[in-house]
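Engineer: Sending over my_file.cif (mmCIF, C-alpha atoms).
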data_target
#
loop_
_atom_site.group_PDB
_atom_site.id
_atom_site.type_symbol
_atom_site.label_atom_id
_atom_site.label_comp_id
_atom_site.auth_asym_id
_atom_site.auth_seq_id
_atom_site.Cartn_x
_atom_site.Cartn_y
_atom_site.Cartn_z
ATOM 1 C CA MET X 12 0.000 0.000 0.000
ATOM 2 C CA SER X 13 2.826 2.357 -0.703
ATOM 3 C CA GLU X 14 1.034 4.099 -3.551
ATOM 4 C CA ASN X 15 2.058 7.621 -4.327
ATOM 5 C CA PRO X 16 -0.948 9.944 -3.799
ATOM 6 C CA HIS X 17 0.176 11.990 -6.781
ATOM 7 C CA SER X 18 -0.154 9.033 -9.148
ATOM 8 C CA PHE X 19 -3.956 9.224 -9.284
ATOM 9 C CA PRO X 20 -5.457 10.885 -12.338
ATOM 10 C CA PRO X 21 -6.877 14.363 -11.714
ATOM 11 C CA MET X 22 -10.598 14.563 -11.012
ATOM 12 C CA PHE X 23 -11.026 17.751 -13.019
ATOM 13 C CA SER X 24 -9.175 19.016 -16.004
ATOM 14 C CA PHE X 25 -9.196 22.506 -17.406
ATOM 15 C CA ASP X 26 -7.729 23.673 -20.637
ATOM 16 C CA VAL X 27 -5.620 26.728 -19.865
ATOM 17 C CA SER X 28 -3.640 26.754 -23.067
ATOM 18 C CA ALA X 29 -3.190 29.970 -25.001
ATOM 19 C CA GLU X 30 -4.391 28.381 -28.206
ATOM 20 C CA PRO X 31 -7.957 29.240 -29.160
ATOM 21 C CA SER X 32 -10.168 26.229 -29.226
ATOM 22 C CA ASP X 33 -12.377 25.389 -32.154
ATOM 23 C CA THR X 34 -15.817 26.254 -30.781
ATOM 24 C CA ASP X 35 -19.102 26.841 -32.413
ATOM 25 C CA PRO X 36 -19.831 30.613 -32.804
ATOM 26 C CA THR X 37 -23.519 30.010 -32.058
ATOM 27 C CA ALA X 38 -22.511 28.549 -28.685
ATOM 28 C CA ASP X 39 -20.708 31.807 -27.882
ATOM 29 C CA ILE X 40 -23.836 33.800 -28.772
ATOM 30 C CA GLU X 41 -26.017 31.537 -26.626
ATOM 31 C CA THR X 42 -23.566 31.888 -23.745
ATOM 32 C CA ASP X 43 -23.560 35.679 -24.134
ATOM 33 C CA GLU X 44 -27.361 35.765 -24.178
ATOM 34 C CA MET X 45 -27.480 33.584 -21.083
ATOM 35 C CA LEU X 46 -25.013 35.877 -19.296
ATOM 36 C CA VAL X 47 -27.038 38.954 -20.243
ATOM 37 C CA THR X 48 -30.212 37.280 -18.967
ATOM 38 C CA LEU X 49 -28.536 36.351 -15.697
ATOM 39 C CA LEU X 50 -27.186 39.869 -15.269
ATOM 40 C CA ARG X 51 -30.649 41.332 -15.874
ATOM 41 C CA GLN X 52 -32.079 38.996 -13.228
ATOM 42 C CA LEU X 53 -29.362 40.081 -10.812
ATOM 43 C CA VAL X 54 -30.154 43.743 -11.446
ATOM 44 C CA ILE X 55 -33.876 43.113 -10.903
ATOM 45 C CA GLY X 56 -33.109 41.266 -7.661
ATOM 46 C CA GLN X 57 -30.825 44.068 -6.474
ATOM 47 C CA GLU X 58 -33.484 46.677 -7.222
ATOM 48 C CA ARG X 59 -36.028 44.665 -5.219
ATOM 49 C CA GLN X 60 -33.604 44.394 -2.298
ATOM 50 C CA ASN X 61 -33.088 48.158 -2.405
ATOM 51 C CA GLN X 62 -36.857 48.729 -2.312
ATOM 52 C CA LEU X 63 -37.233 46.390 0.664
ATOM 53 C CA LEU X 64 -34.380 48.097 2.513
ATOM 54 C CA GLU X 65 -35.969 51.496 1.928
ATOM 55 C CA GLU X 66 -39.313 50.215 3.247
ATOM 56 C CA MET X 67 -37.629 48.725 6.323
ATOM 57 C CA SER X 68 -35.763 51.965 6.943
ATOM 58 C CA GLN X 69 -38.980 53.980 6.719
ATOM 59 C CA GLN X 70 -40.809 51.641 9.103
ATOM 60 C CA LEU X 71 -37.991 51.762 11.645
ATOM 61 C CA GLY X 72 -37.809 55.524 11.360
ATOM 62 C CA GLN X 73 -41.556 55.857 11.894
ATOM 63 C CA ALA X 74 -41.422 53.624 14.982
ATOM 64 C CA GLN X 75 -38.571 55.689 16.433
ATOM 65 C CA LYS X 76 -40.390 58.953 15.723
ATOM 66 C CA GLN X 77 -43.547 57.621 17.342
ATOM 67 C CA ARG X 78 -41.608 56.473 20.416
ATOM 68 C CA ALA X 79 -39.852 59.846 20.671
ATOM 69 C CA SER X 80 -43.186 61.623 20.349
ATOM 70 C CA GLU X 81 -44.731 59.475 23.091
ATOM 71 C CA LEU X 82 -41.751 60.118 25.373
ATOM 72 C CA GLY X 83 -41.980 63.830 24.669
ATOM 73 C CA GLN X 84 -45.674 63.856 25.537
ATOM 74 C CA TRP X 85 -44.997 61.942 28.740
ATOM 75 C CA LYS X 86 -42.285 64.393 29.719
ATOM 76 C CA GLU X 87 -44.532 67.372 29.019
ATOM 77 C CA ALA X 88 -47.209 65.815 31.210
ATOM 78 C CA ASN X 89 -44.660 64.943 33.941
ATOM 79 C CA PRO X 90 -41.885 67.555 33.823
ATOM 80 C CA GLU X 91 -40.929 67.220 37.476
ATOM 81 C CA LEU X 92 -40.725 63.434 37.238
ATOM 82 C CA ALA X 93 -38.617 63.733 34.074
ATOM 83 C CA ASP X 94 -36.180 65.981 35.960
ATOM 84 C CA HIS X 95 -36.071 63.469 38.807
ATOM 85 C CA CYS X 96 -35.368 60.706 36.277
ATOM 86 C CA ARG X 97 -32.464 62.747 34.907
ATOM 87 C CA PHE X 98 -31.037 63.254 38.388
ATOM 88 C CA ALA X 99 -31.511 59.562 39.215
ATOM 89 C CA ALA X 100 -29.851 58.531 35.934
ATOM 90 C CA GLU X 101 -26.840 60.756 36.651
ATOM 91 C CA THR X 102 -26.552 59.359 40.182
ATOM 92 C CA LEU X 103 -26.916 55.753 39.020
ATOM 93 C CA SER X 104 -24.323 56.398 36.332
ATOM 94 C CA ARG X 105 -21.826 57.275 39.055
ATOM 95 C CA VAL X 106 -22.930 54.190 41.032
ATOM 96 C CA GLN X 107 -22.462 52.070 37.923
ATOM 97 C CA THR X 108 -18.966 53.464 37.431
ATOM 98 C CA GLN X 109 -18.026 52.547 41.009
ATOM 99 C CA PHE X 110 -19.645 49.123 40.622
ATOM 100 C CA LEU X 111 -17.628 48.486 37.451
ATOM 101 C CA GLN X 112 -14.475 49.610 39.255
ATOM 102 C CA ASN X 113 -15.165 47.104 42.052
ATOM 103 C CA LEU X 114 -15.911 44.389 39.498
ATOM 104 C CA THR X 115 -12.701 44.969 37.558
ATOM 105 C CA ASP X 116 -10.673 45.117 40.792
ATOM 106 C CA GLU X 117 -12.138 41.744 41.770
ATOM 107 C CA ILE X 118 -11.176 40.293 38.397
ATOM 108 C CA TYR X 119 -7.656 41.697 38.650
ATOM 109 C CA GLU X 120 -7.134 40.340 42.163
ATOM 110 C CA ASN X 121 -8.551 36.878 41.399
ATOM 111 C CA GLU X 122 -7.465 36.324 37.807
ATOM 112 C CA ASP X 123 -5.835 32.955 38.462
ATOM 113 C CA CYS X 124 -8.752 31.627 40.503
ATOM 114 C CA LEU X 125 -11.245 32.705 37.857
ATOM 115 C CA MET X 126 -9.218 31.093 35.075
ATOM 116 C CA ASP X 127 -8.579 27.831 36.895
ATOM 117 C CA GLY X 128 -11.717 27.200 38.883
ATOM 118 C CA GLU X 129 -15.214 26.886 37.510
ATOM 119 C CA PHE X 130 -16.595 27.285 41.028
ATOM 120 C CA MET X 131 -14.946 30.686 41.454
ATOM 121 C CA LEU X 132 -16.126 31.817 38.033
ATOM 122 C CA ASN X 133 -19.702 30.778 38.839
ATOM 123 C CA GLU X 134 -19.510 32.599 42.178
ATOM 124 C CA PHE X 135 -18.231 35.721 40.448
ATOM 125 C CA VAL X 136 -20.964 35.649 37.813
ATOM 126 C CA ASP X 137 -23.633 34.989 40.462
ATOM 127 C CA ARG X 138 -22.317 37.852 42.558
ATOM 128 C CA TYR X 139 -21.950 40.507 39.882
ATOM 129 C CA GLY X 140 -24.001 39.383 36.873
ATOM 130 C CA PRO X 141 -27.591 39.945 38.038
ATOM 131 C CA ARG X 142 -26.775 43.242 39.740
ATOM 132 C CA LEU X 143 -24.996 44.533 36.655
ATOM 133 C CA ALA X 144 -27.832 43.462 34.360
ATOM 134 C CA HIS X 145 -30.509 45.026 36.570
ATOM 135 C CA LEU X 146 -28.518 48.196 37.127
ATOM 136 C CA ASN X 147 -28.004 48.566 33.373
ATOM 137 C CA GLY X 148 -31.722 48.044 32.745
ATOM 138 C CA VAL X 149 -32.805 50.614 35.337
ATOM 139 C CA LEU X 150 -30.213 53.092 34.122
ATOM 140 C CA GLN X 151 -31.365 52.665 30.535
ATOM 141 C CA VAL X 152 -35.010 53.320 31.439
ATOM 142 C CA LEU X 153 -34.153 56.385 33.499
ATOM 143 C CA SER X 154 -31.885 57.696 30.751
ATOM 144 C CA GLN X 155 -34.613 57.306 28.136
ATOM 145 C CA LEU X 156 -37.183 59.040 30.321
ATOM 146 C CA SER X 157 -34.871 61.968 30.910
ATOM 147 C CA SER X 158 -32.932 62.318 27.636
ATOM 148 C CA LEU X 159 -35.498 64.209 25.574
ATOM 149 C CA GLN X 160 -36.163 66.607 28.441
ATOM 150 C CA ALA X 161 -32.505 67.599 28.464
ATOM 151 C CA ALA X 162 -32.483 67.880 24.658
ATOM 152 C CA ALA X 163 -35.648 70.006 24.716
ATOM 153 C CA ASN X 164 -34.135 72.273 27.373
ATOM 154 C CA SER X 165 -30.945 72.745 25.356
ATOM 155 C CA ASN X 166 -32.950 73.610 22.200
ATOM 156 C CA SER X 167 -35.119 76.177 24.004
ATOM 157 C CA PRO X 168 -34.214 79.866 23.469
#
Starting from the coordinates I provided, produce the structure as structure tokens.
Structural biologist:
Amino acid sequence: MSENPHSFPPMFSFDVSAEPSDTDPTADIETDEMLVTLLRQLVIGQERQNQLLEEMSQQLGQAQKQRASELGQWKEANPELADHCRFAAETLSRVQTQFLQNLTDEIYENEDCLMDGEFMLNEFVDRYGPRLAHLNGVLQVLSQLSSLQAAANSNSP
């Protein structure tokens, strides 16, 4: 079984010689027509994709405008609460920064334990994961409820 793997005949063969082959001119025309047809189909498909992307963009834009309008109306109806949300978001942002500092310090101090032990990694995730997720969620809500108020105040004369 000491066969040379290069001794097998090639599975595919391509003629890459510089000599022109004797082909039927009608076959060239049919090939050209087929290529033109395929290119037209590609152009039609691309145009349809562009239309769909424009429709998606318009729908997303409308949803964002509607959400911004609803938030603006809520803030006009609750200006004091919107200000409190802004203050709370700024405070929680500082809390989040300190929390992230504590988290990164813990990682730095326990790098080897976290890398080597699944138990320590699970403990770390259990300790910091839910708090970080919940803090991010609350901060996001407060930021959204206060962001347009700040933008409206900065645009006012």
Engineer: Any idea what the distance is between CA of Gln112 in chain X and CA of Leu143 in chain X?
Structural biologist: 12.0 Å
Engineer: How many Å lie between CA of Leu146 in chain X and CA of Phe130 in chain X, rounded to one decimal?
Structural biologist: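 Calculated distance between CA of Leu146 in chain X and CA of Phe130 in chain X is 24.4 Å.
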Engineer: I'd like the interatomic distance between CA of Leu150 in chain X and CA of Leu103 in chain X, to a tenth of an Å.
Structural biologist: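 Calculated distance between CA of Leu150 in chain X and CA of Leu103 in chain X is 6.5 Å.
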Engineer: Would you translate the PyMOL selection byres ((chain X and resi 77-82) around 10) into the concrete set of residues it matches in this file, as a list in words?
Structural biologist: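 Expected selection for the PyMOL selection byres ((chain X and resi 77-82) around 10) here is Leu71, Gly72, Gln73, Ala74, Gln75, Lys76, Gly83, Gln84, Trp85, Lys86, Glu87, Ala88, Ala93, Gln155, Leu156, Ser157, Ser158, Leu159 and Gln160 of chain X.
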Engineer: Store the residues picked out above, limited to C-alpha atoms, as a short mmCIF file (atom, residue, chain, number, x, y, z; two decimals), keeping the file's coordinate frame.
Structural biologist:
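Listed below is the output, part23.cif:
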data_model
loop_
_atom_site.label_atom_id
_atom_site.label_comp_id
_atom_site.auth_asym_id
_atom_site.auth_seq_id
_atom_site.Cartn_x
_atom_site.Cartn_y
_atom_site.Cartn_z
CA LEU X 71 -37.99 51.76 11.64
CA GLY X 72 -37.81 55.52 11.36
CA GLN X 73 -41.56 55.86 11.89
CA ALA X 74 -41.42 53.62 14.98
CA GLN X 75 -38.57 55.69 16.43
CA LYS X 76 -40.39 58.95 15.72
CA GLY X 83 -41.98 63.83 24.67
CA GLN X 84 -45.67 63.86 25.54
CA TRP X 85 -45.00 61.94 28.74
CA LYS X 86 -42.28 64.39 29.72
CA GLU X 87 -44.53 67.37 29.02
CA ALA X 88 -47.21 65.82 31.21
CA ALA X 93 -38.62 63.73 34.07
CA GLN X 155 -34.61 57.31 28.14
CA LEU X 156 -37.18 59.04 30.32
CA SER X 157 -34.87 61.97 30.91
CA SER X 158 -32.93 62.32 27.64
CA LEU X 159 -35.50 64.21 25.57
CA GLN X 160 -36.16 66.61 28.44
#
Engineer: Name the closest residue to Leu153 in chain X among the candidates X:Asn89, X:Gln52, X:Ser104, X:Gln57; distances are taken between atoms, counting only C-alpha atoms.
Structural biologist: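 Once distances to Leu153 in chain X are computed over only C-alpha atoms, the minimum belongs to X:Ser104.
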Engineer: Add whatever atoms are absent from range 137-149 of chain X to reach N, CA and C atoms, and provide the output as an mmCIF file, in the frame of the given file.
Structural biologist:
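Output below, filename part32.cif:
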data_model
loop_
_atom_site.group_PDB
_atom_site.id
_atom_site.type_symbol
_atom_site.label_atom_id
_atom_site.label_comp_id
_atom_site.auth_asym_id
_atom_site.auth_seq_id
_atom_site.Cartn_x
_atom_site.Cartn_y
_atom_site.Cartn_z
ATOM 1 N N ASP X 137 -22.449 34.896 39.610
ATOM 2 C CA ASP X 137 -23.633 34.989 40.462
ATOM 3 C C ASP X 137 -23.612 36.266 41.297
ATOM 4 N N ARG X 138 -22.434 36.679 41.703
ATOM 5 C CA ARG X 138 -22.317 37.852 42.558
ATOM 6 C C ARG X 138 -22.525 39.150 41.789
ATOM 7 N N TYR X 139 -21.923 39.247 40.613
ATOM 8 C CA TYR X 139 -21.950 40.507 39.882
ATOM 9 C C TYR X 139 -22.933 40.544 38.710
ATOM 10 N N GLY X 140 -23.197 39.410 38.096
ATOM 11 C CA GLY X 140 -24.001 39.383 36.873
ATOM 12 C C GLY X 140 -25.393 39.967 37.016
ATOM 13 N N PRO X 141 -26.222 39.422 37.933
ATOM 14 C CA PRO X 141 -27.591 39.945 38.038
ATOM 15 C C PRO X 141 -27.631 41.431 38.422
ATOM 16 N N ARG X 142 -26.776 41.833 39.343
ATOM 17 C CA ARG X 142 -26.775 43.242 39.740
ATOM 18 C C ARG X 142 -26.413 44.144 38.576
ATOM 19 N N LEU X 143 -25.412 43.728 37.801
ATOM 20 C CA LEU X 143 -24.996 44.533 36.655
ATOM 21 C C LEU X 143 -26.108 44.609 35.612
ATOM 22 N N ALA X 144 -26.744 43.483 35.346
ATOM 23 C CA ALA X 144 -27.832 43.462 34.360
ATOM 24 C C ALA X 144 -28.993 44.349 34.809
ATOM 25 N N HIS X 145 -29.387 44.231 36.064
ATOM 26 C CA HIS X 145 -30.509 45.026 36.570
ATOM 27 C C HIS X 145 -30.157 46.509 36.634
ATOM 28 N N LEU X 146 -28.954 46.804 37.067
ATOM 29 C CA LEU X 146 -28.518 48.196 37.127
ATOM 30 C C LEU X 146 -28.508 48.813 35.730
ATOM 31 N N ASN X 147 -28.011 48.066 34.751
ATOM 32 C CA ASN X 147 -28.004 48.566 33.373
ATOM 33 C C ASN X 147 -29.426 48.807 32.869
ATOM 34 N N GLY X 148 -30.335 47.888 33.183
ATOM 35 C CA GLY X 148 -31.722 48.044 32.745
ATOM 36 C C GLY X 148 -32.381 49.266 33.355
ATOM 37 N N VAL X 149 -32.213 49.454 34.659
ATOM 38 C CA VAL X 149 -32.805 50.614 35.337
ATOM 39 C C VAL X 149 -32.189 51.903 34.802
#
